[in-house]
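Report on the structure given below.
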Amino acid sequence: CLQAADPTKTKVLMMKKLLTLGAVLVVLVGVFLLALPTILHKAGLHPEYTGPTTTLPGKRALIITTSHGVLAAPGETEGPATGVMASEFTHPYYTFLDGGMEVDIASIKGGEIPIDPQTLRFMIRSPEDDRYLNDTIAQAKVKNSIPIADVDIDQYDIVFISGGWGAAYDLAQSPVLAAKVSESYYGDKAAVIGGVCHGVLGLVNARAHDGKLLIAGRRMTGVSDKQIKELGIELTP
């Protein structure tokens, strides 16, 4: 004759199977998360530069960032935290520093610079970001950045403007920054001026001596409308 299965034993076996399956899933998710930075790097995030390099001992560099820290429609004051993208100031900062340069950090309003918290998540942090998180000197510069109005721009051989979503709100809108860019361009040091992503918005209103836009007729690189649409953040100025 057939003997009925013990329901208690059946439940125990099912629980063991579920626990085993759950443990396997946890391990797989953990392995995936640990591998995620490598996966994103291989996909093109934070590519390594392998071209020629140089050192510039005795030269000075200035990094300029946003002072805006809220991702919201223009005029609104509540929204997710944003600011400068971490790697867009840490990478140039350490490149200049390791090249023997003295590096200062300025922002539109001065004081503590808002760093987009999402850009410091472990899966997208760059080696330069990790270095910054252990660098009290760099952190002090970010906490006490120089107001752009107080910058003696003629002292710098390189002027670099960082991006991030915050930059959309106050770089192009700053007449002081525009004037500083023009002053640097025509200064005695003939500074190298550049930026990344939204950072080049700091260049768009600078004027040449003839009154025309300094960027008129020039090819530039920066974030594109296409990229903004793909990232799904179109409420910025």
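Chain labels A, B, ... are given in the sequence in which chains occur in the structure tokens; within each chain residues are numbered consecutively from 1, and ligands are likewise numbered from 1 in the order shown.
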Exercise for the section: Pick out the residues sitting within 9 Å of region 72-74 of chain A, and hand them over as an MDAnalysis selection string; count only C-alpha atoms, and ignore anything fewer than 3 positions along from it in its own chain. Expected result: chainID A and resid 77:80 169 234:237
**OP:** Using DSSP on the backbone, list every residue of region 26-204 of chain A that comes out as alpha helix (DSSP H), and give them as a PyMOL selection string.
**Re:** chain A and resi 26-42+87-98+127-133+136-143+167-170+175-185
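Checking A:Ile233, A:Met101, A:Val142, A:Val31 one by one against Ser67 (chain A), counting only C-alpha atoms, you find the shortest gap at A:Val142.
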Counting only C-alpha atoms, what is within 8 Å of Leu203 (chain A), bar same-chain residues fewer than 2 positions away, as a VMD selection string? chain A and resid 172 178 181 200 to 201 205 to 206 214 to 215
In terms of only C-alpha atoms, the residue from A:Asp225, A:Asp98, A:Glu48, A:Asp154 at minimal distance from Leu62 (chain A) is A:Asp154
(message) What does the structure give for the distance between CA of Asp150 (chain A) and CA of Ser182 (chain A), in Å to one decimal?
(response)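 Rounded to one decimal, the two atoms are 15.5 Å apart.
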Can you tell me which residues surround Lys143 (chain A) at a distance of at most 10 Å, considering only C-alpha atoms, apart from same-chain residues fewer than 4 positions away, and format the answer as number ranges by chain? A: 105, 110-114, 137-139
Export N, CA and C atoms of the chosen residues as a PDB file, in the first residue's frame?
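Writing the result to selection22.pdb gives the following:
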```pdb
ATOM      1  N   ILE A 105      41.237  75.646  -5.799  1.00  0.00           N
ATOM      2  CA  ILE A 105      39.867  75.313  -6.183  1.00  0.00           C
ATOM      3  C   ILE A 105      38.962  76.497  -5.875  1.00  0.00           C
ATOM      4  N   GLY A 110      31.917  80.496  -3.669  1.00  0.00           N
ATOM      5  CA  GLY A 110      32.927  80.248  -2.661  1.00  0.00           C
ATOM      6  C   GLY A 110      32.379  79.404  -1.522  1.00  0.00           C
ATOM      7  N   GLY A 111      33.247  79.034  -0.607  1.00  0.00           N
ATOM      8  CA  GLY A 111      32.809  78.204   0.506  1.00  0.00           C
ATOM      9  C   GLY A 111      32.712  76.741   0.106  1.00  0.00           C
ATOM     10  N   GLU A 112      31.892  75.984   0.828  1.00  0.00           N
ATOM     11  CA  GLU A 112      31.820  74.541   0.602  1.00  0.00           C
ATOM     12  C   GLU A 112      31.157  74.206  -0.728  1.00  0.00           C
ATOM     13  N   ILE A 113      31.817  73.399  -1.510  1.00  0.00           N
ATOM     14  CA  ILE A 113      31.314  72.996  -2.824  1.00  0.00           C
ATOM     15  C   ILE A 113      30.416  71.773  -2.671  1.00  0.00           C
ATOM     16  N   PRO A 114      29.197  71.812  -3.231  1.00  0.00           N
ATOM     17  CA  PRO A 114      28.341  70.636  -3.175  1.00  0.00           C
ATOM     18  C   PRO A 114      28.830  69.579  -4.171  1.00  0.00           C
ATOM     19  N   ILE A 137      43.783  67.579   2.809  1.00  0.00           N
ATOM     20  CA  ILE A 137      44.157  68.867   2.214  1.00  0.00           C
ATOM     21  C   ILE A 137      43.186  69.229   1.092  1.00  0.00           C
ATOM     22  N   ALA A 138      42.921  68.274   0.195  1.00  0.00           N
ATOM     23  CA  ALA A 138      41.975  68.523  -0.902  1.00  0.00           C
ATOM     24  C   ALA A 138      40.580  68.790  -0.354  1.00  0.00           C
ATOM     25  N   GLN A 139      40.194  68.049   0.670  1.00  0.00           N
ATOM     26  CA  GLN A 139      38.875  68.241   1.270  1.00  0.00           C
ATOM     27  C   GLN A 139      38.739  69.635   1.863  1.00  0.00           C
TER      28      GLN A 139
END
```
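Backbone DSSP over region 28-199 of chain A yields strand (DSSP E) at Arg60, Ala61, Leu62, Ile63, Ile64, Thr65, Glu102, Val103, Asp104, Ile105, Ala106, Ser107, Ile146, Pro147, Ile158, Val159, Phe160, Ile161, Val192, Ile193, Gly194 and Gly195 of chain A.
Computed from the coordinates, the CA of Pro57 (chain A) to CA of Gly202 (chain A) distance equals 26.8 Å.
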Straight-line distance linking CA of Leu213 (chain A) with CA of Phe89 (chain A), stated in Å to one decimal
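Pair CA of Leu213 (chain A) / CA of Phe89 (chain A) returns 25.8 Å.
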Review point. Looking at A:Leu171, A:Met123, A:Met15, A:Leu25, which one is nearest to His46 (chain A), with distances taken over only C-alpha atoms?
Key: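 Comparing A:Leu171, A:Met123, A:Met15, A:Leu25 against His46 (chain A), the winner is A:Met123.
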Taking only C-alpha atoms into account, which of A:Ile153, A:Thr95, A:Glu88, A:Thr66 comes nearest Gln173 (chain A)?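 Closest residue, counting only C-alpha atoms: A:Thr66.
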Exercise. Which one is closest to Ala149 (chain A): A:His209, A:His91, A:Arg131, A:Lys180? Count only C-alpha atoms.
Worked result: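 Among the listed residues, A:Lys180 lies closest to Ala149 (chain A).
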Minimum-distance residue to Ala61 (chain A), chosen among A:Gly100, A:Gly232, A:Gly217, A:Gly222 (using only C-alpha atoms):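 Using only C-alpha atoms, Ala61 (chain A) sits closest to A:Gly100.
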